[in-house]
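Here is the file input.pdb (PDB, C-alpha atoms).
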```pdb
MODEL        1
ATOM      1  CA  GLU R  83       9.432  16.269 -11.533
ATOM      2  CA  ALA R  84       7.958  14.295  -8.618
ATOM      3  CA  LEU R  85       7.760  10.608  -9.475
ATOM      4  CA  GLN R  86       6.501   7.693  -7.445
ATOM      5  CA  GLY R  87       9.373   5.657  -6.050
ATOM      6  CA  LEU R  88       9.622   1.911  -5.650
ATOM      7  CA  VAL R  89       9.142   1.613  -1.868
ATOM      8  CA  TYR R  90       5.659   0.841  -0.554
ATOM      9  CA  PHE R  91       4.087   0.523   2.894
ATOM     10  CA  TYR R  92       0.784  -0.958   3.986
ATOM     11  CA  ALA R  93      -1.046  -2.303   7.027
ATOM     12  CA  GLY R  94      -1.943  -5.974   6.835
ATOM     13  CA  PHE R  95      -4.768  -7.759   8.631
ATOM     14  CA  ASN R  96      -4.465 -11.152  10.289
ATOM     15  CA  THR R  97      -7.580 -12.576   8.662
ATOM     16  CA  GLN R  98      -7.663 -15.589  10.956
ATOM     17  CA  ARG R  99      -8.427 -13.168  13.801
ATOM     18  CA  ILE R 100     -10.343 -10.311  12.126
ATOM     19  CA  PRO R 101     -13.556 -11.123  10.202
ATOM     20  CA  ASP R 102     -14.146  -9.724   6.735
ATOM     21  CA  ALA R 103     -16.787  -7.132   7.718
ATOM     22  CA  HIS R 104     -14.518  -5.611  10.366
ATOM     23  CA  ARG R 105     -11.611  -5.455   7.937
ATOM     24  CA  GLU R 106     -13.749  -3.784   5.293
ATOM     25  CA  ALA R 107     -15.125  -1.259   7.773
ATOM     26  CA  MET R 108     -11.633  -0.311   8.959
ATOM     27  CA  ILE R 109     -10.444   0.091   5.370
ATOM     28  CA  TRP R 110     -13.159   2.719   4.782
ATOM     29  CA  ALA R 111     -12.686   4.442   8.153
ATOM     30  CA  TYR R 112      -8.994   5.366   7.798
ATOM     31  CA  ASN R 113      -8.182   8.996   7.035
ATOM     32  CA  TYR R 114      -5.818   8.590   4.070
ATOM     33  CA  THR R 115      -5.969  12.271   3.114
ATOM     34  CA  TYR R 116      -4.866  13.438   6.550
ATOM     35  CA  TYR R 117      -2.058  10.874   6.620
ATOM     36  CA  ILE R 118      -0.608  11.952   3.266
ATOM     37  CA  GLU R 119      -1.307  15.683   3.310
ATOM     38  CA  ASP R 120      -0.941  16.572   6.990
ATOM     39  CA  TYR R 121       1.369  13.985   8.516
ATOM     40  CA  TRP R 122       3.613  13.471   5.489
ATOM     41  CA  GLN R 123       3.007  17.015   4.170
ATOM     42  CA  ASN R 124       2.777  15.561   0.655
ATOM     43  CA  THR R 125       6.326  14.211   0.733
ATOM     44  CA  MET R 126       4.836  10.739   0.154
ATOM     45  CA  THR R 127       1.992   9.580  -2.052
ATOM     46  CA  TYR R 128      -0.991   7.297  -1.482
ATOM     47  CA  MET R 129      -0.304   3.674  -2.464
ATOM     48  CA  LYS R 130      -3.873   2.958  -3.765
ATOM     49  CA  THR R 131      -3.655  -0.600  -5.153
ATOM     50  CA  PRO R 132      -1.566  -3.797  -4.772
ATOM     51  CA  ILE R 133       0.282  -2.763  -7.952
ATOM     52  CA  PRO R 134       0.853   0.901  -7.164
ATOM     53  CA  GLU R 135       0.547   3.789  -9.551
ATOM     54  CA  GLY R 136       3.780   4.132 -11.491
ATOM     55  CA  PHE R 137       4.140   0.382 -12.056
ATOM     56  CA  PRO R 138       3.213  -1.232 -15.366
ATOM     57  CA  CYS R 139      -0.337  -2.637 -15.275
ATOM     58  CA  PHE R 140      -1.601  -0.323 -12.501
ATOM     59  CA  ASN R 141      -5.402  -0.551 -12.546
ATOM     60  CA  PRO R 142      -7.045   2.846 -11.839
ATOM     61  CA  ASP R 143     -10.567   1.556 -12.513
ATOM     62  CA  ILE R 144     -11.050  -0.536  -9.355
ATOM     63  CA  PRO R 145     -12.588   0.943  -6.176
ATOM     64  CA  ILE R 146      -9.708   2.589  -4.323
ATOM     65  CA  PRO R 147     -10.313   2.999  -0.562
ATOM     66  CA  THR R 148     -10.983   6.503   0.686
ATOM     67  CA  MET R 149     -12.223   7.678   4.069
ATOM     68  CA  ASN R 150     -16.005   7.145   4.201
ATOM     69  CA  ARG R 151     -17.147   6.856   7.810
ATOM     70  CA  THR R 152     -20.823   6.455   6.829
ATOM     71  CA  LYS R 153     -20.017   3.506   4.577
ATOM     72  CA  ALA R 154     -17.861   1.911   7.284
ATOM     73  CA  ARG R 155     -20.707   2.159   9.804
ATOM     74  CA  GLU R 156     -23.227   0.743   7.333
ATOM     75  CA  ILE R 157     -20.988  -2.304   6.864
ATOM     76  CA  LEU R 158     -21.018  -3.010  10.609
ATOM     77  CA  ILE R 159     -24.787  -2.441  10.845
ATOM     78  CA  ALA R 160     -25.420  -4.828   7.951
ATOM     79  CA  ASN R 161     -23.162  -7.374   9.652
ATOM     80  CA  GLY R 162     -25.247  -7.216  12.828
ATOM     81  CA  ASP R 163     -22.472  -5.792  15.010
ATOM     82  CA  VAL R 164     -24.653  -2.840  16.046
ATOM     83  CA  PRO R 165     -28.432  -2.316  15.913
ATOM     84  CA  ALA R 166     -30.100  -0.892  12.813
ATOM     85  CA  GLU R 167     -30.951   2.377  14.575
ATOM     86  CA  ALA R 168     -27.229   3.069  14.784
ATOM     87  CA  ILE R 169     -27.593   4.568  11.311
ATOM     88  CA  ASN R 170     -28.916   7.665  13.126
ATOM     89  CA  TRP R 171     -26.260   7.723  15.848
ATOM     90  CA  THR R 172     -24.046  10.758  16.325
ATOM     91  CA  ASP R 173     -20.266  10.621  16.442
ATOM     92  CA  GLN R 174     -20.485  10.799  20.218
ATOM     93  CA  ASP R 175     -22.769   7.747  20.289
ATOM     94  CA  TRP R 176     -20.110   5.733  18.445
ATOM     95  CA  LEU R 177     -17.369   7.026  20.730
ATOM     96  CA  ASP R 178     -19.448   6.033  23.767
ATOM     97  CA  LEU R 179     -19.890   2.539  22.299
ATOM     98  CA  THR R 180     -16.131   2.175  21.849
ATOM     99  CA  ASP R 181     -15.478   3.293  25.419
ATOM    100  CA  SER R 182     -18.061   0.927  26.952
ATOM    101  CA  THR R 183     -18.718  -2.178  24.838
ATOM    102  CA  PRO R 184     -16.772  -1.925  21.555
ATOM    103  CA  VAL R 185     -17.709  -3.957  18.509
ATOM    104  CA  ALA R 186     -14.219  -5.475  18.740
ATOM    105  CA  THR R 187     -10.767  -4.777  20.154
ATOM    106  CA  TYR R 188      -7.672  -5.434  18.050
ATOM    107  CA  ASN R 189      -3.966  -4.859  18.606
ATOM    108  CA  VAL R 190      -1.666  -3.152  16.143
ATOM    109  CA  SER R 191       1.953  -4.379  16.255
ATOM    110  CA  HIS R 192       4.655  -2.099  14.910
ATOM    111  CA  SER R 193       8.189  -0.879  15.381
ATOM    112  CA  THR R 194       8.840   2.504  16.956
ATOM    113  CA  TRP R 195       9.558   4.159  13.592
ATOM    114  CA  ASP R 196       7.782   7.529  13.635
ATOM    115  CA  ALA R 197       5.744   6.741  10.512
ATOM    116  CA  TRP R 198       4.426   3.510  12.026
ATOM    117  CA  GLN R 199       3.599   5.244  15.299
ATOM    118  CA  ALA R 200       1.679   7.915  13.381
ATOM    119  CA  SER R 201      -0.175   5.189  11.465
ATOM    120  CA  ALA R 202      -1.132   3.447  14.699
ATOM    121  CA  ASP R 203      -2.190   6.682  16.378
ATOM    122  CA  LEU R 204      -4.476   7.454  13.459
ATOM    123  CA  MET R 205      -6.043   3.990  13.656
ATOM    124  CA  VAL R 206      -6.726   4.448  17.368
ATOM    125  CA  ASP R 207      -8.469   7.769  16.667
ATOM    126  CA  ASP R 208     -10.302   6.877  13.442
ATOM    127  CA  PHE R 209     -11.623   3.463  14.449
ATOM    128  CA  LYS R 210     -13.183   4.846  17.656
ATOM    129  CA  TYR R 211     -15.767   6.425  15.377
ATOM    130  CA  ILE R 212     -16.936   3.029  14.113
ATOM    131  CA  GLY R 213     -16.956   1.311  17.492
ATOM    132  CA  ILE R 214     -13.650  -0.576  17.104
ATOM    133  CA  ALA R 215     -11.017  -0.186  19.833
ATOM    134  CA  ILE R 216      -7.343  -0.415  18.905
ATOM    135  CA  GLU R 217      -4.601  -1.352  21.358
ATOM    136  CA  ASP R 218      -1.362   0.269  20.267
ATOM    137  CA  GLU R 219       1.603  -2.085  20.790
ATOM    138  CA  PRO R 220       4.920  -0.448  19.805
ATOM    139  CA  MET R 221       7.942  -2.734  19.996
ATOM    140  CA  THR R 222      11.402  -3.192  18.556
ATOM    141  CA  GLY R 223      11.891  -4.120  14.928
ATOM    142  CA  THR R 224      13.319  -7.472  16.041
ATOM    143  CA  GLU R 225      10.177  -8.225  18.025
ATOM    144  CA  VAL R 226       7.976  -7.364  15.044
ATOM    145  CA  GLY R 227      10.065  -9.659  12.838
ATOM    146  CA  THR R 228       9.649 -12.475  15.340
ATOM    147  CA  LEU R 229       5.868 -12.055  15.233
ATOM    148  CA  VAL R 230       5.312 -11.761  11.483
ATOM    149  CA  ASN R 231       7.928 -14.233  10.228
ATOM    150  CA  TYR R 232       7.105 -17.304  12.314
ATOM    151  CA  PRO R 233       3.698 -19.004  11.960
ATOM    152  CA  GLU R 234       3.688 -20.125  15.590
ATOM    153  CA  ASN R 235       3.479 -16.426  16.564
ATOM    154  CA  PHE R 236       0.795 -15.301  14.120
ATOM    155  CA  HIS R 237      -1.954 -15.634  16.725
ATOM    156  CA  TYR R 238      -0.417 -12.735  18.688
ATOM    157  CA  VAL R 239      -0.894 -10.291  15.802
ATOM    158  CA  ASP R 240      -4.074  -8.567  14.590
ATOM    159  CA  ILE R 241      -2.865  -5.610  12.506
ATOM    160  CA  PHE R 242       0.741  -5.189  11.389
ATOM    161  CA  PHE R 243       2.756  -2.850   9.184
ATOM    162  CA  LEU R 244       4.967  -4.015   6.351
ATOM    163  CA  GLY R 245       7.050  -2.334   3.679
ATOM    164  CA  TRP R 246       8.402  -3.638   0.414
ATOM    165  CA  GLY R 247      11.048  -2.270  -1.918
ATOM    166  CA  PRO R 248      10.803  -4.137  -5.245
ATOM    167  CA  ASP R 249      14.122  -4.360  -7.025
ATOM    168  CA  PHE R 250      12.618  -3.796 -10.471
ATOM    169  CA  ALA R 251       9.417  -2.216 -11.739
ATOM    170  CA  ASP R 252       7.401  -5.240 -12.768
ATOM    171  CA  PRO R 253       3.962  -6.229 -11.384
ATOM    172  CA  ALA R 254       5.131  -9.782 -10.672
ATOM    173  CA  ASN R 255       7.891  -8.436  -8.441
ATOM    174  CA  MET R 256       5.299  -6.482  -6.470
ATOM    175  CA  ILE R 257       2.396  -8.913  -6.164
ATOM    176  CA  TYR R 258       4.312 -12.136  -5.605
ATOM    177  CA  ASP R 259       6.725 -10.968  -2.937
ATOM    178  CA  ALA R 260       4.393  -8.627  -1.075
ATOM    179  CA  TRP R 261       1.201 -10.676  -1.324
ATOM    180  CA  ALA R 262       1.878 -14.313  -2.091
ATOM    181  CA  GLY R 263       5.408 -15.012  -0.868
ATOM    182  CA  PRO R 264       5.933 -17.583   1.895
ATOM    183  CA  ASN R 265       8.304 -15.671   4.146
ATOM    184  CA  ALA R 266       6.062 -13.588   6.413
ATOM    185  CA  LEU R 267       2.594 -13.194   7.869
ATOM    186  CA  ASN R 268       1.494 -12.581   4.329
ATOM    187  CA  PRO R 269      -2.024 -11.159   3.958
ATOM    188  CA  LEU R 270      -3.061 -13.427   1.109
ATOM    189  CA  GLN R 271      -1.524 -16.606   2.496
ATOM    190  CA  VAL R 272      -3.255 -16.113   5.832
ATOM    191  CA  ALA R 273      -6.519 -14.993   4.283
ATOM    192  CA  THR R 274      -6.931 -18.111   2.212
ATOM    193  CA  ALA R 275      -5.727 -20.726   4.678
ATOM    194  CA  PRO R 276      -8.434 -23.375   5.242
ATOM    195  CA  GLU R 277      -9.029 -22.204   8.804
ATOM    196  CA  GLY R 278      -8.948 -18.523   7.811
ATOM    197  CA  LEU R 279     -11.902 -16.207   8.144
ATOM    198  CA  GLY R 280     -11.133 -14.359   4.932
ATOM    199  CA  GLY R 281     -10.976 -17.144   2.396
ATOM    200  CA  THR R 282     -11.928 -20.682   1.507
ATOM    201  CA  PRO R 283      -9.786 -23.806   1.027
ATOM    202  CA  GLY R 284      -8.170 -23.813  -2.389
ATOM    203  CA  GLU R 285      -8.573 -20.096  -2.941
ATOM    204  CA  PHE R 286      -4.869 -19.386  -2.510
ATOM    205  CA  THR R 287      -4.026 -22.166  -4.957
ATOM    206  CA  ASP R 288      -6.382 -20.567  -7.490
ATOM    207  CA  PHE R 289      -4.732 -17.183  -6.963
ATOM    208  CA  GLN R 290      -1.252 -18.694  -7.261
ATOM    209  CA  ASN R 291      -2.226 -20.378 -10.525
ATOM    210  CA  ASP R 292      -3.519 -17.060 -11.889
ATOM    211  CA  LEU R 293      -0.326 -15.325 -10.786
ATOM    212  CA  ASP R 294       1.874 -17.993 -12.390
ATOM    213  CA  ALA R 295      -0.100 -17.669 -15.619
ATOM    214  CA  ALA R 296       0.336 -13.875 -15.645
ATOM    215  CA  MET R 297       4.059 -14.175 -14.986
ATOM    216  CA  ALA R 298       4.423 -16.594 -17.914
ATOM    217  CA  GLU R 299       2.265 -14.643 -20.388
ATOM    218  CA  GLY R 300       4.342 -13.266 -23.274
ATOM    219  CA  ASP R 301       1.832 -10.835 -24.758
ATOM    220  CA  GLU R 302       2.077  -7.586 -22.781
ATOM    221  CA  VAL R 303      -1.539  -6.507 -23.367
ATOM    222  CA  THR R 304      -2.893  -9.857 -22.176
ATOM    223  CA  ARG R 305      -0.410  -9.932 -19.295
ATOM    224  CA  CYS R 306      -1.509  -6.506 -18.044
ATOM    225  CA  ALA R 307      -5.167  -7.489 -18.251
ATOM    226  CA  MET R 308      -4.402 -10.504 -16.047
ATOM    227  CA  TYR R 309      -2.576  -8.349 -13.482
ATOM    228  CA  GLU R 310      -5.405  -5.824 -13.474
ATOM    229  CA  GLN R 311      -7.792  -8.629 -12.543
ATOM    230  CA  LEU R 312      -5.430  -9.867  -9.818
ATOM    231  CA  GLN R 313      -5.439  -6.397  -8.251
ATOM    232  CA  GLU R 314      -9.227  -6.466  -8.151
ATOM    233  CA  ASP R 315      -9.210  -9.972  -6.642
ATOM    234  CA  ILE R 316      -6.878  -8.873  -3.825
ATOM    235  CA  LEU R 317      -8.909  -5.762  -3.024
ATOM    236  CA  GLU R 318     -12.135  -7.770  -2.807
ATOM    237  CA  LEU R 319     -10.621  -9.878  -0.013
ATOM    238  CA  ASN R 320     -10.247  -6.784   2.250
ATOM    239  CA  LEU R 321      -6.740  -7.784   3.269
ATOM    240  CA  TRP R 322      -4.994  -4.489   3.868
ATOM    241  CA  ILE R 323      -4.978  -0.748   4.409
ATOM    242  CA  PRO R 324      -2.868   0.865   1.667
ATOM    243  CA  LEU R 325      -0.673   3.520   3.238
ATOM    244  CA  PHE R 326       1.993   5.298   1.222
ATOM    245  CA  SER R 327       4.846   5.051  -1.213
ATOM    246  CA  THR R 328       7.911   7.202  -1.576
ATOM    247  CA  LEU R 329       7.748  10.349  -3.650
ATOM    248  CA  GLU R 330      11.045  11.170  -5.265
ATOM    249  CA  TYR R 331      12.104  14.279  -7.142
ATOM    250  CA  TYR R 332      14.206  14.211 -10.286
ATOM    251  CA  LEU R 333      15.743  16.666 -12.691
ATOM    252  CA  HIS R 334      16.042  14.890 -16.008
ATOM    253  CA  THR R 335      15.727  15.274 -19.751
ATOM    254  CA  ASP R 336      13.080  13.882 -22.090
ATOM    255  CA  GLU R 337      15.919  12.678 -24.298
ATOM    256  CA  LEU R 338      16.567   9.781 -21.887
ATOM    257  CA  SER R 339      13.940   7.032 -21.821
ATOM    258  CA  ASN R 340      13.497   3.438 -20.565
ATOM    259  CA  TYR R 341      15.019   4.361 -17.198
ATOM    260  CA  PHE R 342      13.555   3.099 -13.900
ATOM    261  CA  TYR R 343      14.415   4.875 -10.664
ATOM    262  CA  ASN R 344      16.011   2.630  -8.076
ATOM    263  CA  SER R 345      14.264   2.247  -4.732
ATOM    264  CA  TRP R 346      17.426   2.130  -2.666
ATOM    265  CA  GLY R 347      19.030   5.317  -3.956
ATOM    266  CA  ASN R 348      21.850   3.336  -5.589
ATOM    267  CA  VAL R 349      23.196   3.580  -9.102
ATOM    268  CA  ASN R 350      21.859   0.701 -11.192
ATOM    269  CA  TYR R 351      22.162   0.345 -14.945
ATOM    270  CA  TRP R 352      19.559  -0.631 -17.515
ATOM    271  CA  GLN R 353      19.642  -0.447 -21.276
ATOM    272  CA  VAL R 354      18.444   3.058 -22.069
ATOM    273  CA  LYS R 355      17.720   5.007 -25.203
ATOM    274  CA  TRP R 356      19.434   8.315 -25.884
ATOM    275  CA  ASP R 357      17.665  10.415 -28.496
ATOM    276  CA  PRO R 358      19.545  13.708 -28.711
ATOM    277  CA  VAL R 359      17.836  16.758 -30.125
ATOM    278  CA  ALA R 360      19.923  19.080 -32.308
ATOM    279  CA  PRO R 361      20.138  22.573 -30.790
ATOM    280  CA  PRO R 362      18.433  25.329 -32.783
ATOM    281  CA  PRO R 363      20.821  27.423 -34.942
ATOM    282  CA  ILE R 364      21.938  30.689 -33.373
ATOM    283  CA  PRO R 365      22.523  33.532 -35.883
ATOM    284  CA  GLY R 366      26.097  34.742 -35.808
ATOM    285  CA  TYR R 367      27.165  31.843 -33.549
ATOM    286  CA  PRO R 368      30.574  31.175 -35.300
ATOM    287  CA  MET R 369      31.615  34.788 -34.850
ATOM    288  CA  LEU R 370      30.414  34.814 -31.209
ATOM    289  CA  ALA R 371      32.375  31.650 -30.561
ATOM    290  CA  LEU R 372      35.511  33.169 -32.121
ATOM    291  CA  LEU R 373      35.197  36.383 -30.085
ATOM    292  CA  GLY R 374      34.560  34.357 -26.958
ATOM    293  CA  ALA R 375      37.663  32.270 -27.550
ATOM    294  CA  VAL R 376      39.770  35.355 -28.109
ATOM    295  CA  GLY R 377      38.362  36.911 -24.930
ATOM    296  CA  ILE R 378      39.171  33.794 -22.887
ATOM    297  CA  ALA R 379      42.701  33.706 -24.307
TER
ENDMDL
END
```
Go through the file and emit its structure as structure tokens.
Amino acid sequence: EALQGLVYFYAGFNTQRIPDAHREAMIWAYNYTYYIEDYWQNTMTYMKTPIPEGFPCFNPDIPIPTMNRTKAREILIANGDVPAEAINWTDQDWLDLTDSTPVATYNVSHSTWDAWQASADLMVDDFKYIGIAIEDEPMTGTEVGTLVNYPENFHYVDIFFLGWGPDFADPANMIYDAWAGPNALNPLQVATAPEGLGGTPGEFTDFQNDLDAAMAEGDEVTRCAMYEQLQEDILELNLWIPLFSTLEYYLHTDELSNYFYNSWGNVNYWQVKWDPVAPPPIPGYPMLALLGAVGIA
């Protein structure tokens, strides 16, 4: 059985440098299907939401980004980045715009890992068709860490790739560390800074209060409803491009339940439930067993 693992990867936007309309347009211009089916050859799965499928409280009812080039262009037209008649432009017209006077030019900072290079290459190709030029900036992992972990360097970064391997399958462990933690160029922190283009003063505090309340809620139904709303809140801020999560294959038995698969490939132990099923009776089994024993002897 192929199950979603606990390692997730996404592209974050520096919202102090990229306005909301441009972020939203890029989200709808990325070819997720090609990335999963052709590049990864279905060995990974699409991440979809801030609490990915496979986690408790995953919300399948919110708008999940798919490639929709027409929608992406309409966003830029409505924002005034291109004239209204651009609704009738051909693909070549948009490519010509990108080559001459693009709507915007943004860099994408990433390590030289093949998956990140493929992600960046796809952005360069896809965003040409909505008039946005991407400057690919591969670098060492150390250089990326220096850019995304120190606030004094945030102004060098437009788009960046991050991954997160939660150590247990709980929505708090996903949302807090990947979206609200203080240790990196975190999409939500940057988006809601007072000087940010993607949020308003106090918005991060409101989100943090909602997150704290969800983490403290004891009733599981109420808690999941709160996390479902938090997923919707994050998506509405246009903070990220969801990329992929690991797809892992297991041979297991239905008799074992309450077991979470570990993201690091290590052996971890949780309290599990073993519910053995009695084998069906086999006619003549005692005699077969006796003959078998004699034969072995």
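In this comparison, which uses only C-alpha atoms, the residue of R:Val164, R:Tyr90, R:Leu293, R:Thr172 approaching R:Gln311 most closely is R:Leu293.
Using only C-alpha atoms, the residues found no farther than 12 Å from R:Trp171, other than those of its own chain fewer than 2 positions away, are Thr152, Arg155, Glu156, Ile159, Val164, Pro165, Ala166, Glu167, Ala168, Ile169, Asp173, Gln174, Asp175, Trp176, Leu177, Asp178, Leu179, Tyr211, Ile212 and Gly213 of chain R.
Taking all atoms listed in the file into account, R:Leu312 lies nearest to R:Cys139 out of the set R:Leu329, R:Cys139, R:Ala200, R:Ala107.
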Worksheet entry | Matched chain/residue IDs from the PyMOL selection byres ((chain R and resi 193) around 8), as a VMD selection string | chain R and resid 191 to 192 194 to 195 198 to 199 220 to 223 226
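Counting all atoms listed in the file and comparing R:His237, R:Asp252, R:Leu244, R:Tyr188, the residue that lies closest to R:Asp218 is R:Tyr188.
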Practice prompt. List, as a PyMOL selection string, every residue that the PyMOL selection byres ((chain R and resi 205) around 10) selects in the file provided.
Written response: chain R and resi 108+111-113+190+199-204+206-210+214-218
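You can rank R:Leu88, R:Thr187, R:Glu302, R:Gln290 by their closest distance to R:Ile316 using all atoms listed in the file, and at the top of that list sits R:Gln290.
Within 10 Å of the point (2.4, -0.1, -6.9) in file coordinates, and counting all atoms listed in the file, lie the residues Gln86, Gly87, Leu88, Val89, Tyr90, Phe91, Tyr128, Met129, Lys130, Thr131, Pro132, Ile133, Pro134, Glu135, Gly136, Phe137, Pro138, Cys139, Phe140, Asn141, Pro248, Ala251, Asp252, Pro253, Met256, Ile257, Phe326 and Ser327 of chain R.
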Discussion item. One number please: atom CA of R:Asn255 to atom CA of R:Asp294, in Å, one decimal.
Written reply: 12.0 Å
Worksheet item: Nearest to R:Glu314: which of R:Asp288, R:Asp249, R:Pro142, R:Thr224 is it, counting only C-alpha atoms?
Response: R:Pro142
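Residues in contact range of R:Ile109, defined as at most 9 Å between only C-alpha atoms, with sequence neighbours fewer than 3 positions away removed, read His104, Arg105, Glu106, Tyr112, Pro147, Thr148, Met149, Ala154, Asn320, Leu321, Trp322, Ile323 and Pro324 of chain R.
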Quick one: what's the axis-aligned box for stretch 318-331 of chain R, all listed atoms, 3 Å on every side, centre and edges in Å to one decimal, as lines of an AutoDock Vina configuration file?
```
center_x = 0.0
center_y = 2.2
center_z = -1.4
size_x = 30.2
size_y = 30.2
size_z = 17.6
```
Fill in: Atomic distance atom CA of R:Tyr92 - atom CA of R:Leu325, expressed in Å with one decimal
4.8 Å
Item to complete: Please measure the separation of atom CA of R:Thr125 and atom CA of R:Thr328, giving the value in Å to one decimal.
Response: 7.5 Å
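Across R:Glu225, R:Glu219, R:Asp357, R:Glu119, the tightest approach to R:Asp240 is made by R:Glu219 when counting all atoms listed in the file.
Take the PyMOL selection byres ((chain R and resi 95) around 7) and apply it to this file: it picks R:Ala93, R:Gly94, R:Asn96, R:Thr97, R:Asp240, R:Ile241, R:Phe242, R:Pro269, R:Leu321, R:Trp322.
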